[in-house]
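Asker: My structure is in model.cif, and what it holds is mmCIF, C-alpha atoms:
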data_final
loop_
_atom_site.label_atom_id
_atom_site.label_comp_id
_atom_site.auth_asym_id
_atom_site.auth_seq_id
_atom_site.Cartn_x
_atom_site.Cartn_y
_atom_site.Cartn_z
CA MET A 19 40.67 -19.23 -13.94
CA SER A 20 37.56 -21.27 -13.15
CA GLU A 21 34.64 -19.77 -11.27
CA PRO A 22 34.59 -20.71 -7.56
CA LEU A 23 31.89 -23.15 -6.53
CA PHE A 24 30.74 -20.98 -3.61
CA THR A 25 30.37 -17.23 -3.16
CA PHE A 26 29.27 -15.72 0.15
CA ILE A 27 25.89 -13.95 -0.08
CA GLY A 28 25.03 -13.22 3.54
CA ALA A 29 24.31 -14.46 7.06
CA GLY A 30 21.29 -14.47 9.33
CA GLN A 31 20.97 -15.14 13.03
CA ARG A 32 21.26 -18.90 12.56
CA ASN A 33 22.74 -19.61 9.12
CA VAL A 34 24.86 -18.46 6.20
CA VAL A 35 23.85 -18.46 2.54
CA LEU A 36 26.25 -19.12 -0.32
CA GLN A 37 25.76 -18.78 -4.06
CA VAL A 38 26.44 -22.05 -5.91
CA SER A 39 27.91 -21.82 -9.41
CA ASP A 40 27.29 -25.49 -10.28
CA ALA A 41 24.37 -27.23 -8.56
CA SER A 42 25.52 -30.65 -9.79
CA LYS A 43 28.32 -30.48 -7.21
CA VAL A 44 25.79 -30.41 -4.35
CA LEU A 45 22.74 -32.12 -5.90
CA ASP A 46 22.70 -35.51 -7.63
CA SER A 47 20.27 -34.53 -10.38
CA PRO A 48 19.55 -30.79 -10.23
CA PRO A 49 16.68 -29.45 -12.34
CA GLU A 50 17.96 -27.65 -15.43
CA GLU A 51 16.54 -24.32 -14.26
CA LEU A 52 18.52 -24.51 -10.99
CA LYS A 53 21.93 -25.59 -12.27
CA THR A 54 23.35 -22.10 -12.00
CA ASN A 55 20.57 -20.44 -10.02
CA CYS A 56 20.65 -21.98 -6.56
CA ALA A 57 22.15 -21.25 -3.17
CA LEU A 58 23.26 -23.30 -0.19
CA ARG A 59 21.98 -22.50 3.30
CA ILE A 60 24.26 -23.90 6.02
CA SER A 61 23.59 -24.01 9.75
CA ASN A 62 24.72 -26.10 12.69
CA VAL A 63 21.16 -25.84 14.03
CA PRO A 64 18.70 -28.26 12.37
CA PRO A 65 16.44 -26.28 10.01
CA CYS A 66 12.86 -25.99 11.20
CA GLU A 67 10.72 -23.79 8.99
CA CYS A 68 7.18 -22.74 9.85
CA GLU A 69 4.99 -25.13 7.88
CA ASN A 70 2.04 -22.75 7.58
CA CYS A 71 4.31 -19.91 6.44
CA TYR A 72 5.81 -22.11 3.73
CA LYS A 73 2.38 -23.22 2.51
CA ALA A 74 1.14 -19.64 2.28
CA LEU A 75 4.33 -18.28 0.71
CA LYS A 76 5.47 -21.22 -1.44
CA PRO A 77 5.44 -19.22 -4.72
CA PHE A 78 7.78 -16.71 -3.05
CA CYS A 79 10.03 -19.31 -1.38
CA GLY A 80 10.61 -21.92 -4.08
CA MET A 81 12.15 -25.34 -3.61
CA ARG A 82 14.05 -26.77 -0.64
CA GLU A 83 16.20 -29.90 -0.63
CA SER A 84 18.32 -31.18 2.21
CA VAL A 85 21.75 -32.44 1.13
CA PRO A 86 24.68 -34.05 2.97
CA LEU A 87 27.71 -31.86 3.60
CA PRO A 88 30.82 -34.08 3.54
CA GLU A 89 34.00 -32.70 5.07
CA ALA A 90 35.65 -31.67 1.78
CA LEU A 91 32.56 -29.78 0.60
CA PHE A 92 32.11 -28.18 4.03
CA ASN A 93 35.71 -26.94 4.06
CA GLU A 94 35.34 -25.48 0.58
CA ALA A 95 32.18 -23.68 1.67
CA LYS A 96 33.71 -22.48 4.94
CA SER A 97 36.68 -20.98 3.09
CA VAL A 98 34.46 -18.24 1.60
CA VAL A 99 32.55 -17.46 4.82
CA PRO A 100 33.86 -14.54 6.91
CA GLU A 101 35.42 -15.81 10.13
CA LYS A 102 32.91 -13.99 12.35
CA PHE A 103 30.16 -16.27 10.98
CA HIS A 104 32.00 -19.57 11.43
CA ARG A 105 30.19 -20.11 14.74
CA LEU A 106 26.94 -20.50 12.76
CA ILE A 107 28.21 -23.39 10.63
CA ASP A 108 30.93 -25.21 12.57
CA GLY A 109 29.93 -28.84 12.97
CA ALA A 110 27.25 -28.76 10.25
CA THR A 111 26.87 -32.04 8.37
CA VAL A 112 23.82 -31.20 6.24
CA ALA A 113 22.74 -28.13 4.30
CA THR A 114 19.69 -26.97 2.38
CA VAL A 115 19.62 -26.11 -1.31
CA VAL A 116 17.36 -23.10 -1.96
CA PRO A 117 16.87 -20.68 -4.87
CA ASN A 118 19.45 -17.93 -5.29
CA PHE A 119 17.30 -14.82 -5.03
CA SER A 120 20.15 -12.53 -6.04
CA ALA A 121 20.55 -14.24 -9.42
CA ASP A 122 19.70 -12.26 -12.54
CA PRO A 123 16.02 -13.06 -13.26
CA GLY A 124 16.39 -11.96 -16.86
CA ARG A 125 18.75 -14.85 -17.58
CA ILE A 126 16.72 -17.25 -15.41
CA LEU A 127 13.63 -16.56 -17.51
CA ALA A 128 15.63 -16.51 -20.74
CA ASP A 129 14.42 -12.97 -21.32
CA PRO A 130 15.31 -12.11 -24.94
CA ALA A 131 16.25 -8.58 -23.93
CA ARG A 132 18.76 -10.03 -21.47
CA GLN A 133 20.42 -12.32 -23.98
CA ARG A 134 22.17 -9.50 -25.77
CA SER A 135 25.37 -8.11 -24.32
CA VAL A 136 24.36 -5.94 -21.35
CA THR A 137 26.53 -2.87 -21.02
CA GLU A 138 28.30 -1.99 -17.80
CA GLU A 139 26.36 1.28 -17.74
CA GLU A 140 23.06 -0.64 -17.79
CA ARG A 141 24.28 -2.94 -15.02
CA LYS A 142 24.42 0.07 -12.69
CA GLY A 143 20.67 -0.25 -12.28
CA ASP A 144 20.93 -3.82 -10.93
CA TYR A 145 20.56 -4.51 -7.22
CA THR A 146 18.92 -6.76 -4.64
CA ILE A 147 17.47 -5.28 -1.47
CA GLU A 148 16.07 -6.78 1.73
CA ILE A 149 12.85 -5.32 3.11
CA LYS A 150 11.49 -6.08 6.57
CA PRO A 151 7.94 -4.69 6.35
CA LYS A 152 7.18 -5.67 9.99
CA SER A 153 3.65 -6.37 11.20
CA ILE A 154 0.27 -5.23 9.97
CA TRP A 155 -2.03 -3.44 12.42
CA GLN A 156 -5.71 -4.13 12.82
CA ARG A 157 -7.69 -3.33 15.92
CA PRO A 158 -7.68 -6.52 18.02
CA VAL A 159 -10.89 -8.53 18.22
CA VAL A 160 -10.13 -10.41 21.43
CA VAL A 161 -9.18 -7.65 23.87
CA GLY A 162 -9.53 -9.34 27.24
CA ILE A 163 -9.70 -12.63 29.09
CA ILE A 164 -11.25 -13.92 32.29
CA VAL A 165 -9.19 -16.62 34.01
CA ASP A 166 -10.45 -18.83 36.86
CA GLY A 167 -13.41 -16.51 37.46
CA GLY A 168 -11.18 -13.57 38.39
CA GLU A 169 -11.16 -9.95 37.28
CA PRO A 170 -10.90 -9.32 33.52
CA ILE A 171 -7.39 -9.00 32.08
CA TYR A 172 -7.20 -6.55 29.17
CA ILE A 173 -4.60 -5.80 26.52
CA HIS A 174 -2.73 -2.51 26.80
CA PRO A 175 -4.90 0.25 25.25
CA ALA A 176 -2.03 1.34 22.97
CA LYS A 177 -2.74 -1.78 20.92
CA LEU A 178 -6.23 -0.48 20.13
CA SER A 179 -4.82 2.35 18.04
CA HIS A 180 -1.08 2.04 17.38
CA CYS A 181 0.94 -0.54 15.45
CA ARG A 182 3.79 -2.47 17.04
CA TYR A 183 6.28 -0.72 14.75
CA SER A 184 5.49 2.69 16.29
CA GLN A 185 5.63 1.22 19.78
CA MET A 186 9.05 -0.27 18.99
CA LEU A 187 10.43 3.14 18.02
CA TYR A 188 9.84 4.31 21.58
CA TYR A 189 11.21 1.07 23.02
CA LYS A 190 14.43 1.33 20.99
CA ALA A 191 14.80 5.00 21.90
CA GLU A 192 14.62 4.09 25.60
CA ARG A 193 16.78 0.96 25.28
CA ASP A 194 19.51 2.69 23.26
CA ASN A 195 19.18 6.03 25.05
CA ASP A 196 18.62 7.66 21.66
CA GLU A 197 15.54 9.87 21.62
CA SER A 198 16.06 10.65 17.94
CA LEU A 199 14.65 7.21 17.12
CA ALA A 200 11.23 8.27 18.42
CA GLN A 201 11.22 11.74 16.88
CA ASP A 202 8.66 12.57 14.20
CA VAL A 203 6.81 9.27 14.61
CA ALA A 204 3.78 10.82 12.90
CA SER A 205 5.80 11.31 9.71
CA SER A 206 7.54 7.97 10.03
CA TYR A 207 6.91 4.66 8.32
CA CYS A 208 3.90 2.51 9.22
CA PRO A 209 3.63 -1.10 7.94
CA ASN A 210 0.01 -0.50 6.98
CA PHE A 211 1.20 1.58 4.02
CA PHE A 212 2.06 -1.77 2.45
CA TYR A 213 -0.77 -3.87 3.85
CA SER A 214 -3.78 -1.56 3.61
CA LYS A 215 -5.72 -1.16 0.35
CA ASP A 216 -6.50 2.42 1.37
CA LEU A 217 -2.85 3.49 1.64
CA SER A 218 -0.01 3.85 -0.85
CA SER A 219 2.85 1.33 -1.06
CA LEU A 220 4.85 4.03 -2.84
CA GLU A 221 4.49 6.40 0.11
CA GLY A 222 5.29 3.53 2.46
CA PHE A 223 8.53 2.77 0.64
CA GLU A 224 9.47 6.47 0.53
CA ARG A 225 9.01 6.71 4.29
CA LEU A 226 10.90 3.47 4.91
CA LYS A 227 13.80 4.68 2.79
CA GLN A 228 14.01 7.90 4.82
CA LYS A 229 14.24 6.00 8.11
CA ALA A 230 15.56 2.59 7.10
CA ILE A 231 17.15 1.60 10.46
CA ASN A 232 17.52 -2.20 9.98
CA ASN A 233 14.39 -2.68 7.90
CA LEU A 234 15.87 -1.86 4.49
CA LYS A 235 19.27 -3.19 3.41
CA VAL A 236 21.26 -3.65 0.23
CA ILE A 237 22.14 -7.33 -0.35
CA SER A 238 23.97 -6.92 -3.64
CA CYS A 239 24.54 -4.09 -6.11
CA HIS A 240 26.79 -2.82 -8.87
CA PRO A 241 30.47 -2.56 -7.80
CA SER A 242 30.45 1.19 -8.41
CA PHE A 243 28.30 1.65 -5.30
CA LYS A 244 30.64 -0.46 -3.17
CA GLU A 245 33.64 1.58 -4.26
CA LYS A 246 32.07 4.68 -2.71
CA ALA A 247 30.78 2.97 0.44
CA ALA A 248 32.47 3.32 3.80
CA GLY A 249 33.20 0.02 5.53
CA GLY A 250 31.78 -2.00 2.65
CA LYS A 251 28.18 -1.31 3.59
CA VAL A 252 26.11 0.49 0.99
CA PRO A 253 23.29 2.67 2.37
CA PRO A 254 19.96 1.99 0.62
CA ALA A 255 19.55 5.67 -0.18
CA ASP A 256 22.77 5.56 -2.24
CA VAL A 257 21.52 2.67 -4.38
CA ILE A 258 17.78 3.21 -4.68
CA ALA A 259 17.13 6.32 -6.73
CA ASP A 260 13.88 8.20 -6.23
CA ALA A 261 13.02 7.35 -9.84
CA ASP A 262 13.09 3.64 -8.90
CA LEU A 263 10.54 3.86 -6.09
CA LYS A 264 7.40 3.60 -8.20
CA GLY A 265 8.69 0.49 -9.96
CA ILE A 266 9.55 -1.15 -6.62
CA ALA A 267 6.15 -0.30 -5.13
CA ASP A 268 4.36 -1.59 -8.25
CA ALA A 269 6.37 -4.83 -8.19
CA LEU A 270 5.48 -5.44 -4.54
CA ASP A 271 1.80 -4.69 -5.17
CA PHE A 272 1.52 -6.84 -8.30
CA SER A 273 3.30 -9.76 -6.60
CA GLU A 274 0.50 -9.75 -3.96
CA ILE A 275 2.97 -10.80 -1.29
CA PHE A 276 1.54 -8.50 1.36
CA GLN A 277 -1.85 -10.21 1.26
CA SER A 278 -0.20 -13.53 2.18
CA VAL A 279 2.20 -12.16 4.79
CA GLY A 280 -0.47 -9.97 6.41
CA ALA A 281 -2.89 -12.90 6.72
CA LEU A 282 -0.21 -15.04 8.38
CA GLN A 283 0.53 -12.26 10.86
CA LEU A 284 -3.13 -11.70 11.74
CA TYR A 285 -4.32 -15.31 11.86
CA GLY A 286 -1.23 -17.44 12.44
CA THR A 287 -2.26 -20.14 9.98
CA TYR A 288 -2.69 -20.85 6.29
CA ALA A 289 -6.27 -20.92 5.01
CA GLU A 290 -8.01 -20.58 1.68
CA ASP A 291 -10.67 -18.43 3.38
CA TYR A 292 -9.82 -16.38 6.47
CA SER A 293 -13.34 -15.03 7.02
CA LYS A 294 -14.08 -17.65 9.68
CA VAL A 295 -10.61 -17.82 11.25
CA THR A 296 -10.10 -16.25 14.69
CA PRO A 297 -7.25 -13.70 14.80
CA VAL A 298 -4.11 -14.54 16.78
CA LEU A 299 -4.45 -14.05 20.52
CA ASP A 300 -2.26 -11.29 21.96
CA ILE A 301 0.48 -12.50 24.31
CA GLU A 302 -1.02 -10.39 27.12
CA LEU A 303 -4.01 -12.74 26.98
CA LEU A 304 -2.41 -15.97 25.78
CA TYR A 305 0.10 -16.13 28.62
CA PRO A 306 -2.54 -15.83 31.43
CA TRP A 307 -4.53 -18.56 29.69
CA THR A 308 -1.52 -20.89 29.96
CA GLN A 309 -1.37 -20.12 33.69
CA ALA A 310 -5.05 -20.81 34.37
CA LYS A 311 -5.89 -23.56 36.86
CA ASP A 312 -9.02 -24.41 34.89
CA LYS A 313 -8.12 -23.79 31.26
CA GLU A 314 -11.52 -24.99 30.03
CA SER A 315 -13.42 -22.27 31.94
CA VAL A 316 -11.54 -19.34 30.40
CA GLN A 317 -13.63 -16.67 28.66
CA TRP A 318 -12.58 -14.20 26.01
CA LEU A 319 -13.71 -10.57 25.91
CA VAL A 320 -14.46 -9.69 22.30
CA LEU A 321 -15.03 -6.52 20.23
CA PRO A 322 -16.57 -6.43 16.73
CA ALA A 323 -14.00 -6.68 13.95
CA ASP A 324 -13.16 -3.44 12.13
CA ALA A 325 -10.59 -4.21 9.44
CA ASP A 326 -10.95 -0.78 7.81
CA LEU A 327 -9.98 1.23 10.89
CA PRO A 328 -6.65 2.99 10.18
CA CYS A 329 -3.61 2.83 12.45
CA ALA A 330 -3.31 6.11 14.35
CA CYS A 331 0.49 6.23 14.50
CA THR A 332 0.97 8.60 11.54
CA SER A 333 -2.17 10.68 11.94
CA GLU A 334 -2.73 11.54 15.59
CA GLY A 335 -1.24 11.48 19.06
CA TYR A 336 -1.94 8.80 21.61
CA THR A 337 -5.09 8.90 23.74
CA PRO A 338 -5.84 5.65 25.60
CA LYS A 339 -9.18 4.30 24.40
CA THR A 340 -9.93 2.37 27.57
CA GLU A 341 -13.69 2.86 27.14
CA LEU A 342 -13.55 0.46 24.19
CA LEU A 343 -12.33 -2.31 26.45
CA GLN A 344 -15.44 -2.00 28.62
CA GLN A 345 -17.62 -2.66 25.56
CA ALA A 346 -16.14 -6.11 25.00
CA VAL A 347 -18.53 -9.06 25.29
CA ALA A 348 -17.62 -12.33 27.01
CA GLN A 349 -17.64 -15.52 24.96
CA LYS A 350 -16.17 -19.00 25.11
CA PRO A 351 -12.96 -19.46 23.08
CA ASP A 352 -13.58 -21.03 19.68
CA ILE A 353 -10.12 -22.64 19.53
CA THR A 354 -8.13 -24.73 21.99
CA LEU A 355 -5.19 -23.38 23.98
CA GLU A 356 -2.86 -25.62 21.97
CA THR A 357 -4.12 -24.14 18.70
CA ALA A 358 -3.82 -20.61 20.11
CA ILE A 359 -0.17 -21.24 21.02
CA GLU A 360 0.60 -22.76 17.62
CA ARG A 361 -0.94 -19.79 15.81
CA PHE A 362 0.87 -17.31 18.03
CA TYR A 363 4.27 -18.76 17.10
CA CYS A 364 3.36 -18.84 13.39
CA SER A 365 2.38 -15.17 13.64
CA VAL A 366 5.70 -14.31 15.33
CA THR A 367 7.56 -15.91 12.43
CA ALA A 368 5.43 -14.05 9.87
CA LYS A 369 6.05 -10.71 11.59
CA ASP A 370 9.80 -11.12 11.10
CA ILE A 371 9.76 -12.34 7.48
CA SER A 372 12.13 -10.60 5.09
CA LEU A 373 11.33 -9.83 1.47
CA LEU A 374 14.07 -9.87 -1.14
CA LEU A 375 13.46 -7.68 -4.16
CA SER A 376 15.83 -7.85 -7.11
CA ARG A 377 15.68 -5.15 -9.76
CA TYR A 378 17.31 -5.63 -13.16
CA CYS A 379 17.29 -2.59 -15.37
CA LEU A 380 17.60 -2.52 -19.14
CA ARG A 381 17.03 1.16 -19.74
CA LEU A 382 19.07 4.26 -19.29
CA VAL A 383 16.23 6.75 -19.00
CA ASP A 384 13.48 7.25 -16.44
CA PRO A 385 10.17 5.53 -17.24
CA LYS A 386 7.45 7.53 -18.89
CA ASN A 387 3.94 7.69 -17.52
CA GLY A 388 1.76 4.79 -18.56
CA VAL A 389 4.45 2.08 -18.68
CA SER A 390 2.63 -1.25 -18.40
CA VAL A 391 3.09 -3.49 -15.37
CA GLU A 392 2.49 -7.24 -15.50
CA ARG A 393 3.04 -10.26 -13.30
CA ILE A 394 4.84 -12.90 -15.34
CA LYS A 395 3.00 -16.23 -15.36
CA ASP A 396 4.07 -19.82 -16.02
CA VAL A 397 7.32 -19.52 -14.04
CA LEU A 398 8.63 -22.86 -12.80
CA PRO A 399 7.71 -23.14 -9.08
CA SER A 400 11.14 -24.48 -8.14
CA LEU A 401 12.73 -21.15 -9.10
CA GLY A 402 10.98 -19.33 -6.28
CA GLY A 403 9.92 -15.71 -6.29
CA VAL A 404 7.25 -13.86 -8.22
CA PHE A 405 8.45 -12.01 -11.32
CA VAL A 406 7.00 -8.64 -12.33
CA ARG A 407 7.89 -6.62 -15.41
CA GLU A 408 7.42 -2.87 -15.64
CA GLY A 409 8.45 -1.60 -19.04
CA GLU A 410 12.02 -2.83 -19.52
CA ASP A 411 12.60 -3.37 -15.80
CA LEU A 412 12.31 -6.87 -14.37
CA PHE A 413 11.68 -7.46 -10.67
CA ARG A 414 11.71 -10.62 -8.60
CA VAL A 415 9.96 -10.65 -5.20
CA ALA A 416 10.82 -13.44 -2.75
CA ALA A 417 10.32 -14.32 0.92
CA VAL A 418 12.98 -15.61 3.31
CA ASP A 419 13.45 -16.07 7.08
CA ILE A 420 10.51 -18.36 7.77
CA ASP A 421 12.20 -20.38 10.51
CA GLU A 422 10.02 -21.16 13.52
CA LYS A 423 10.54 -18.95 16.57
CA THR A 424 9.68 -21.63 19.13
CA ASN A 425 13.20 -21.40 20.56
CA LYS A 426 11.89 -18.56 22.76
CA THR A 427 9.31 -19.23 25.47
CA LEU A 428 5.93 -17.59 25.95
CA ASP A 429 7.35 -16.13 29.19
CA HIS A 430 9.97 -14.34 27.11
CA TYR A 431 7.42 -12.86 24.72
CA TYR A 432 5.16 -11.83 27.61
CA GLU A 433 7.95 -9.99 29.41
CA TYR A 434 9.25 -8.44 26.19
CA ASP A 435 5.78 -7.16 25.30
CA ALA A 436 5.45 -5.54 28.74
CA LYS A 437 8.74 -3.68 28.24
CA ILE A 438 7.64 -2.40 24.82
CA VAL A 439 4.26 -0.99 25.90
CA LYS A 440 5.84 0.54 29.03
CA ALA A 441 8.46 2.30 26.90
CA PHE A 442 5.70 3.50 24.57
CA GLU A 443 3.80 4.96 27.53
CA ASN A 444 6.92 6.69 28.83
CA GLY A 445 7.81 8.04 25.41
CA VAL A 446 4.46 9.59 24.54
CA LYS A 447 4.31 11.29 27.95
CA LYS A 448 7.52 13.16 27.11
CA GLN A 449 6.08 14.58 23.90
#
Can the structure in the file be given as structure tokens, please?
Answerer:
Amino acid sequence: MSEPLFTFIGAGQRNVVLQVSDASKVLDSPPEELKTNCALRISNVPPCECENCYKALKPFCGMRESVPLPEALFNEAKSVVPEKFHRLIDGATVATVVPNFSADPGRILADPARQRSVTEEERKGDYTIEIKPKSIWQRPVVVGIIVDGGEPIYIHPAKLSHCRYSQMLYYKAERDNDESLAQDVASSYCPNFFYSKDLSSLEGFERLKQKAINNLKVISCHPSFKEKAAGGKVPPADVIADADLKGIADALDFSEIFQSVGALQLYGTYAEDYSKVTPVLDIELLYPWTQAKDKESVQWLVLPADADLPCACTSEGYTPKTELLQQAVAQKPDITLETAIERFYCSVTAKDISLLLSRYCLRLVDPKNGVSVERIKDVLPSLGGVFVREGEDLFRVAAVDIDEKTNKTLDHYYEYDAKIVKAFENGVKKQ
């Protein structure tokens, strides 16, 4: 029996992704390296990726090529998509060919160790996981704004000390009427464990695994895990052994993906040197600027940058630092309103980026101390993803979900932000 052309991989909010067994059936002249290593992304909404995000993350994203989707090919693709996702693809006439980030990187790279017959027992170490690291925290630089000569408007003081991830725990607890979501915030995950040079990615991943919520998922894994899973969903804790965590953390660190994602979140643009780029303006300040009668007369209220200041969410309770706001100095904006809006939307996209990490294991014993870690060079850019080897383990780190978020208005983000900080205030008062 021949291998099917399409295999369902997963679905997002706007599209579905299918594995393609033979790229020549969807591409006229596919590169040799992609013939059996690509995927098809189908959506009935025209694709619109964030240009700055793609520039900054191109090594992690790989190639893209738009292809027509004639009726026969569409029907063949639709036949493998679960019915509940048909609404995302019905009516689609084009699709996008992208790398298949769940493909075995050992075979993609023609790894000699992978060319031998891999035993079923060894395959039990193979899996692909999705990580949503969420957004980096740094103390804001622009903390206030003066519009039309009125009284200063300041950001909520919670943003001077606590990351958005910790604020969201309180918001979700209030929204879902589930106070357990906001319990033990101090021992919970903070995105800065991944982004800060002073913190440990290993500890960050350990904390994320303990409280995965929707930020850590299994995309694919050995069938033995699925056989034990209830409802077909495999909990990350059942797949990712504690012995794997160091290798995962090392792969993420050596790929250097967090430097690129963090910069996009903070600055909302791609630059070779961010030292002279103004950080993204908070929606509490950006929205009033859009409402100003005289947009040219607006003034910012600015604090000195302090990139080394740690997020307080895992180390201390919340005490509003309103006195800091009074120390801000007025200055004329150094970017236009149009640029500020563009960078805000880029930052929103970057804050919701997902990382796909594939682990392919060729050993049956835990690694010994001192196993070397290296980033593999000279990988064809079209393949997408950064490859890292640790001992006999091979990892591939990729970035997905870089579609623009301009479908939602600034009004929406302004109102949503107000709900989050209000829920944070209510939550910390209860503790």
Asker: What does the PyMOL selection byres ((chain A and resi 303) around 8) select in this file, as a PyMOL selection string?
Answerer: chain A and resi 161-163+171-173+299-302+304-307
Asker: Under the PyMOL selection byres ((chain A and resi 340-348) around 7), which residues of this model are included? Write them out as a list in words.
Answerer: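 When the PyMOL selection byres ((chain A and resi 340-348) around 7) is applied, the selected residues are Val161, Pro175, Gln317, Trp318, Leu319, Val320, Leu321, Pro338, Lys339 and Gln349 of chain A.
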Asker: Using all atoms listed in the file, find the one residue out of A:Glu101, A:Asp216, A:Asp196, A:Glu443 that sits nearest to Asp326 of chain A.
Answerer: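 Comparing A:Glu101, A:Asp216, A:Asp196, A:Glu443 against Asp326 of chain A, the winner is A:Asp216.
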Asker: Of the candidates A:Phe223, A:Tyr213, A:Phe442, A:Tyr285, which one gets nearest to Ala368 of chain A if we count only C-alpha atoms?
Answerer: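 Checking each candidate against Ala368 of chain A, we get A:Tyr285 as the closest.
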Asker: To verify the selection step, state as a list in words which residues the PyMOL selection byres ((chain A and resi 84-97) around 7) yields on this input.
Answerer: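 Matching residues under the PyMOL selection byres ((chain A and resi 84-97) around 7) are Phe24, Arg82, Glu83, Val98, Val99, Thr111, Val112, Ala113, Thr114 and Val115 of chain A.
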Asker: Can you tell me, as a PyMOL selection string, what residues are no more than 7 Å from Ser61 of chain A when counting all atoms listed in the file, ignoring any on the same chain fewer than 6 positions away?
Answerer: chain A and resi 32-34+106-107+110+113
Asker: Which residue out of A:Phe276, A:Tyr378, A:Trp155, A:Phe212 has the minimum interatomic distance to Gln185 of chain A when all atoms listed in the file are used?
Answerer: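 Ranked by minimum distance to Gln185 of chain A, first place goes to A:Trp155.
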Asker: Pick out the closest residue to Pro399 of chain A from this set: A:Asp370, A:Glu51, A:Glu433, A:Glu314. Count all atoms listed in the file.
Answerer: A:Glu51
Asker: Could you list as an NGL selection string every residue that has an atom within 12 Å of (11.3, 2.1, 14.5), using the file's coordinates and counting all atoms listed in the file?
Answerer: :A and (150-153 or 181-192 or 196-209 or 225-226 or 228-234 or 331 or 438 or 442)
Asker: To one decimal place in Å, what is the distance between atom CA of Cys364 of chain A and atom CA of Tyr431 of chain A?
Answerer: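 Between these atoms lies a distance of 13.4 Å.
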Asker: Using all atoms listed in the file, which protein or nucleic acid residues come within 10 Å of Leu327 of chain A? Drop anything in the same chain fewer than 6 positions from it, and give the result as a PyMOL selection string.
Answerer: chain A and resi 155-157+179+214
